[in-house]
$ cat entry_31.cif   # mmCIF, C-alpha atoms
data_start
#
loop_
_atom_site.group_PDB
_atom_site.id
_atom_site.type_symbol
_atom_site.label_atom_id
_atom_site.label_comp_id
_atom_site.auth_asym_id
_atom_site.auth_seq_id
_atom_site.Cartn_x
_atom_site.Cartn_y
_atom_site.Cartn_z
ATOM 1 C CA MET I 1 61.277 110.701 58.413
ATOM 2 C CA THR I 2 63.404 107.944 59.823
ATOM 3 C CA ASN I 3 67.120 108.175 60.303
ATOM 4 C CA THR I 4 69.246 105.864 58.246
ATOM 5 C CA TYR I 5 72.915 105.061 58.658
ATOM 6 C CA SER I 6 73.974 107.265 55.735
ATOM 7 C CA LEU I 7 71.829 110.171 56.997
ATOM 8 C CA ILE I 8 73.436 110.015 60.439
ATOM 9 C CA GLN I 9 76.888 109.815 58.834
ATOM 10 C CA GLN I 10 76.123 113.006 56.876
ATOM 11 C CA LYS I 11 75.036 114.774 60.080
ATOM 12 C CA ILE I 12 78.231 113.665 61.831
ATOM 13 C CA ALA I 13 80.583 114.729 59.005
ATOM 14 C CA LYS I 14 80.269 118.513 59.496
ATOM 15 C CA PRO I 15 80.861 118.536 63.296
ATOM 16 C CA GLN I 16 83.672 116.019 62.826
ATOM 17 C CA LYS I 17 85.443 118.363 60.371
ATOM 18 C CA GLU I 18 85.051 121.229 62.850
ATOM 19 C CA ALA I 19 86.397 119.058 65.654
ATOM 20 C CA ASP I 20 89.391 118.001 63.532
ATOM 21 C CA ALA I 21 90.164 121.643 62.654
ATOM 22 C CA LEU I 22 89.975 122.676 66.333
ATOM 23 C CA ARG I 23 92.189 119.773 67.366
ATOM 24 C CA GLN I 24 94.767 120.708 64.727
ATOM 25 C CA LYS I 25 94.775 124.325 65.908
ATOM 26 C CA GLU I 26 95.152 123.340 69.575
ATOM 27 C CA THR I 27 97.881 120.780 68.940
ATOM 28 C CA SER I 28 99.950 123.241 66.930
ATOM 29 C CA GLY I 29 99.903 125.604 69.932
ATOM 30 C CA VAL I 30 100.811 122.787 72.318
ATOM 31 C CA VAL I 31 103.664 121.622 70.084
ATOM 32 C CA ALA I 32 105.029 125.178 69.870
ATOM 33 C CA ARG I 33 105.007 125.499 73.691
ATOM 34 C CA ILE I 34 106.685 122.097 74.060
ATOM 35 C CA LYS I 35 109.434 123.081 71.616
ATOM 36 C CA VAL I 36 110.093 126.260 73.598
ATOM 37 C CA ALA I 37 110.288 124.259 76.850
ATOM 38 C CA ILE I 38 112.637 121.676 75.297
ATOM 39 C CA GLU I 39 114.984 124.390 74.074
ATOM 40 C CA HIS I 40 114.783 126.366 77.324
ATOM 41 C CA TYR I 41 115.570 123.402 79.592
ATOM 42 C CA GLY I 42 117.932 121.655 77.157
ATOM 43 C CA LEU I 43 115.962 118.409 77.356
ATOM 44 C CA THR I 44 117.332 115.327 75.645
ATOM 45 C CA ALA I 45 115.521 112.628 73.690
ATOM 46 C CA GLU I 46 116.324 110.205 76.503
ATOM 47 C CA GLN I 47 114.605 112.436 79.063
ATOM 48 C CA LEU I 48 111.553 112.720 76.835
ATOM 49 C CA GLY I 49 111.313 108.956 76.471
ATOM 50 C CA PHE I 50 112.229 108.732 72.778
ATOM 51 C CA VAL I 51 115.306 106.538 73.220
ATOM 52 C CA GLY I 52 114.498 102.968 72.246
ATOM 53 C CA ALA I 53 111.230 103.959 70.530
ATOM 54 C CA LYS I 54 110.556 102.543 67.080
ATOM 55 C CA ALA I 55 110.714 105.214 64.440
ATOM 56 C CA SER I 56 110.018 102.890 61.498
ATOM 57 C CA GLY I 57 113.430 103.648 59.984
ATOM 58 C CA LYS I 58 112.893 107.404 59.871
ATOM 59 C CA ALA I 59 114.244 110.013 62.234
ATOM 60 C CA MET I 60 111.673 111.798 64.342
ATOM 61 C CA VAL I 61 112.289 115.530 64.123
ATOM 62 C CA LEU I 62 111.816 117.582 67.272
ATOM 63 C CA GLY I 63 112.604 121.234 66.595
ATOM 64 C CA LYS I 64 116.273 121.441 65.632
ATOM 65 C CA ALA I 65 117.295 118.102 67.123
ATOM 66 C CA LYS I 66 116.822 114.796 65.341
ATOM 67 C CA VAL I 67 115.891 111.895 67.549
ATOM 68 C CA LEU I 68 116.744 108.495 66.175
ATOM 69 C CA GLY I 69 114.772 105.443 67.168
ATOM 70 C CA LYS I 70 117.752 103.776 68.857
ATOM 71 C CA ALA I 71 119.711 104.339 72.047
ATOM 72 C CA ALA I 72 122.461 106.950 71.997
ATOM 73 C CA SER I 73 125.720 105.004 71.988
ATOM 74 C CA GLY I 74 128.091 107.893 71.339
ATOM 75 C CA ALA I 75 127.783 109.548 74.745
ATOM 76 C CA LYS I 76 131.221 110.550 75.950
ATOM 77 C CA TYR I 77 130.095 112.412 79.085
ATOM 78 C CA ARG I 78 127.312 111.438 81.514
ATOM 79 C CA ASP I 79 126.052 112.509 84.914
ATOM 80 C CA GLY I 80 124.215 110.502 87.527
ATOM 81 C CA ASN I 81 120.812 111.834 86.397
ATOM 82 C CA GLY I 82 120.734 110.196 82.957
ATOM 83 C CA GLN I 83 121.944 113.243 81.056
ATOM 84 C CA SER I 84 124.631 112.742 78.445
ATOM 85 C CA TRP I 85 126.684 114.637 75.878
ATOM 86 C CA SER I 86 128.613 113.240 72.920
ATOM 87 C CA GLY I 87 131.396 115.807 73.190
ATOM 88 C CA ARG I 88 130.371 117.457 69.934
ATOM 89 C CA GLY I 89 128.812 120.869 69.621
ATOM 90 C CA PRO I 90 128.303 123.315 72.466
ATOM 91 C CA ARG I 91 128.311 121.955 75.995
ATOM 92 C CA PRO I 92 124.826 121.359 77.364
ATOM 93 C CA ARG I 93 123.507 123.530 80.190
ATOM 94 C CA TRP I 94 123.730 120.779 82.830
ATOM 95 C CA LEU I 95 127.439 120.301 82.100
ATOM 96 C CA ARG I 96 128.233 124.017 81.997
ATOM 97 C CA ASP I 97 126.474 124.507 85.345
ATOM 98 C CA ALA I 98 128.338 121.582 86.928
ATOM 99 C CA ILE I 99 131.718 122.858 85.709
ATOM 100 C CA ALA I 100 130.896 126.355 86.947
ATOM 101 C CA GLY I 101 130.072 124.758 90.308
ATOM 102 C CA GLY I 102 133.577 123.317 90.562
ATOM 103 C CA ALA I 103 133.316 119.919 88.869
ATOM 104 C CA SER I 104 135.903 118.862 86.325
ATOM 105 C CA LEU I 105 135.032 117.726 82.826
ATOM 106 C CA GLU I 106 136.942 114.479 83.414
ATOM 107 C CA SER I 107 134.622 113.553 86.285
ATOM 108 C CA PHE I 108 131.795 113.125 83.751
ATOM 109 C CA LEU I 109 133.678 110.856 81.329
ATOM 110 C CA ALA I 110 131.495 107.879 80.462
ATOM 111 C CA VAL I 111 132.879 104.365 80.470
ATOM 112 C CA ARG I 112 131.855 102.377 77.385
ATOM 113 C CA GLY I 113 128.941 100.134 78.201
ATOM 114 C CA ALA I 114 128.324 101.771 81.587
ATOM 115 C CA ALA I 115 125.058 103.507 82.293
ATOM 116 C CA VAL I 116 126.548 106.333 84.355
ATOM 117 C CA ALA I 117 129.917 107.809 85.119
ATOM 118 C CA ALA I 118 131.672 107.775 88.499
ATOM 119 C CA PRO I 119 129.585 108.460 91.609
ATOM 120 C CA LEU I 120 128.998 112.104 92.360
ATOM 121 C CA THR I 121 129.370 114.031 95.580
ATOM 122 C CA ALA I 122 126.773 116.466 96.869
ATOM 123 C CA LYS I 123 128.292 119.325 94.894
ATOM 124 C CA GLY I 124 128.059 117.394 91.612
ATOM 125 C CA MET I 125 131.790 116.710 91.436
ATOM 126 C CA GLY I 126 133.288 113.291 90.943
ATOM 127 C CA ILE I 127 134.784 111.805 94.101
ATOM 128 C CA LYS I 128 138.331 111.940 92.748
ATOM 129 C CA ALA I 129 137.870 115.539 91.598
ATOM 130 C CA ALA I 130 136.476 116.529 95.001
ATOM 131 C CA LYS I 131 139.438 114.968 96.825
ATOM 132 C CA ALA I 132 141.902 116.634 94.458
ATOM 133 C CA ALA I 133 140.236 120.024 94.922
ATOM 134 C CA LYS I 134 140.258 119.581 98.672
ATOM 135 C CA SER I 135 143.957 118.674 98.750
ATOM 136 C CA ARG I 136 144.953 121.722 96.677
ATOM 137 C CA ARG I 137 143.439 124.169 99.107
ATOM 138 C CA ARG I 138 145.468 125.066 102.154
ATOM 139 C CA PRO I 139 143.671 124.825 105.485
ATOM 140 C CA SER I 140 142.103 127.957 106.921
ATOM 141 C CA THR I 141 143.910 129.502 109.850
ATOM 142 C CA VAL I 142 143.082 132.655 111.725
ATOM 143 C CA LEU I 143 145.506 135.378 110.666
ATOM 144 C CA TYR I 144 143.841 138.507 112.041
ATOM 145 C CA GLN I 145 141.836 139.030 115.224
ATOM 146 C CA ASP I 146 140.752 141.729 117.604
ATOM 147 C CA GLY I 147 140.288 141.622 121.370
ATOM 148 C CA ALA I 148 136.501 141.211 121.072
ATOM 149 C CA GLY I 149 136.648 137.669 119.644
ATOM 150 C CA ASN I 150 136.338 138.545 115.954
ATOM 151 C CA SER I 151 138.688 136.808 113.539
ATOM 152 C CA TRP I 152 139.466 136.676 109.826
ATOM 153 C CA THR I 153 141.497 134.106 107.869
ATOM 154 C CA GLY I 154 142.631 136.542 105.211
ATOM 155 C CA ARG I 155 140.441 134.830 102.601
ATOM 156 C CA GLY I 156 137.509 136.504 100.978
ATOM 157 C CA PRO I 157 136.357 140.062 101.508
ATOM 158 C CA GLN I 158 137.291 141.857 104.695
ATOM 159 C CA PRO I 159 134.551 141.666 107.321
ATOM 160 C CA ARG I 160 132.820 144.795 108.576
ATOM 161 C CA TRP I 161 134.544 144.721 111.995
ATOM 162 C CA LEU I 162 137.970 144.687 110.317
ATOM 163 C CA LYS I 163 137.098 147.551 107.989
ATOM 164 C CA ASP I 164 135.882 149.594 110.947
ATOM 165 C CA THR I 165 139.032 148.834 112.942
ATOM 166 C CA LEU I 166 141.279 149.765 110.023
ATOM 167 C CA ALA I 167 139.325 152.979 109.539
ATOM 168 C CA GLY I 168 139.929 153.718 113.246
ATOM 169 C CA GLY I 169 143.674 153.823 112.694
ATOM 170 C CA LYS I 170 144.952 150.295 113.412
ATOM 171 C CA THR I 171 147.006 148.420 110.821
ATOM 172 C CA LEU I 172 146.705 144.817 109.694
ATOM 173 C CA GLU I 173 150.103 144.069 111.233
ATOM 174 C CA GLU I 174 148.818 145.152 114.656
ATOM 175 C CA MET I 175 145.902 142.738 114.341
ATOM 176 C CA ARG I 176 147.965 139.748 113.248
ATOM 177 C CA GLY I 177 147.246 136.950 115.699
#

$ encode --input "entry_31.cif" --output "structure tokens"
Amino acid sequence: MTNTYSLIQQKIAKPQKEADALRQKETSGVVARIKVAIEHYGLTAEQLGFVGAKASGKAMVLGKAKVLGKAASGAKYRDGNGQSWSGRGPRPRWLRDAIAGGASLESFLAVRGAAVAAPLTAKGMGIKAAKAAKSRRRPSTVLYQDGAGNSWTGRGPQPRWLKDTLAGGKTLEEMRG
């Protein structure tokens, strides 16, 4: 019996259906893991490469977020790493972390038409915000010291040597340098 085109197509059909079913099963698992990662890391459409992609007039849906096929023009806040926030809804993780680290919200204000906001310092603060924070803080001076060369500025928790000295009966006034 010789193989004909239609006979070979019939033999291929069953394994092809099995392959399609396996692919569908695997991709659904992959998509679920990707959605979890996107939500966990707070990834944006821009970071995933969807900005500027053609969506044929329809919005691509990625979990809870809708990604439109055009660039985000409503970004009010940006950082130097390409992350942005429109100012609506809860603050994204990258912005909350930066503010908790000492940056001001104003240092991330985006200028219309600009790709990024003001340059950032090593701590993630805008240069103006870093200078303002630095000028508000009074300079450290040694307020308390003992005869062994230990000193404390009076800021932060008391060091071990000072606690031990105070427990020994000396007062802070006696240690004022």

$ resolve_selection --input "entry_31.cif" --expression "the PyMOL selection byres ((chain I and resi 85-87) around 9)" --output "VMD selection string"
chain I and resid 72 to 78 83 to 84 88 to 92 95

$ residues_around --input "entry_31.cif" --residues "Gly147 (chain I)" --least-positions-apart "3" --cutoff "10 Å" --atoms "only C-alpha atoms" --output "CSV table (one decimal) with C-alpha atoms, in the coordinates of the input"
chain,number,residue,atom,x,y,z
I,150,ASN,CA,136.3,138.5,116.0
I,151,SER,CA,138.7,136.8,113.5
I,175,MET,CA,145.9,142.7,114.3

$ atom_distance --input "entry_31.cif" --atom1 "CA of Thr141 (chain I)" --atom2 "CA of Gly102 (chain I)"
22.7 Å

$ closest_residue --input "entry_31.cif" --among "I:Leu109, I:Ser104, I:Lys163, I:Asn81" --to "Glu46 (chain I)" --atoms "all atoms listed in the file"
I:Asn81

$ atom_distance --input "entry_31.cif" --atom1 "CA of Ala37 (chain I)" --atom2 "CA of Gln24 (chain I)"
20.0 Å

$ axis_aligned_box --input "entry_31.cif" --around "region 163-170 of chain I" --padding-each-side "4 Å" --output "JSON"
{"center_x": 140.4, "center_y": 150.7, "center_z": 110.7, "size_x": 17.1, "size_y": 14.3, "size_z": 13.4}

$ resolve_selection --input "entry_31.cif" --expression "the PyMOL selection byres ((chain I and resi 146) around 10)" --output "NGL selection string"
:I and (144-145 or 147-152 or 161-162 or 165 or 174-177)

$ atom_distance --input "entry_31.cif" --atom1 "CA of Thr44 (chain I)" --atom2 "CA of Asp79 (chain I)"
13.0 Å

$ closest_residue --input "entry_31.cif" --among "I:Ser6, I:Gly168, I:Thr153, I:Leu48" --to "Lys35 (chain I)" --atoms "all atoms listed in the file"
I:Leu48
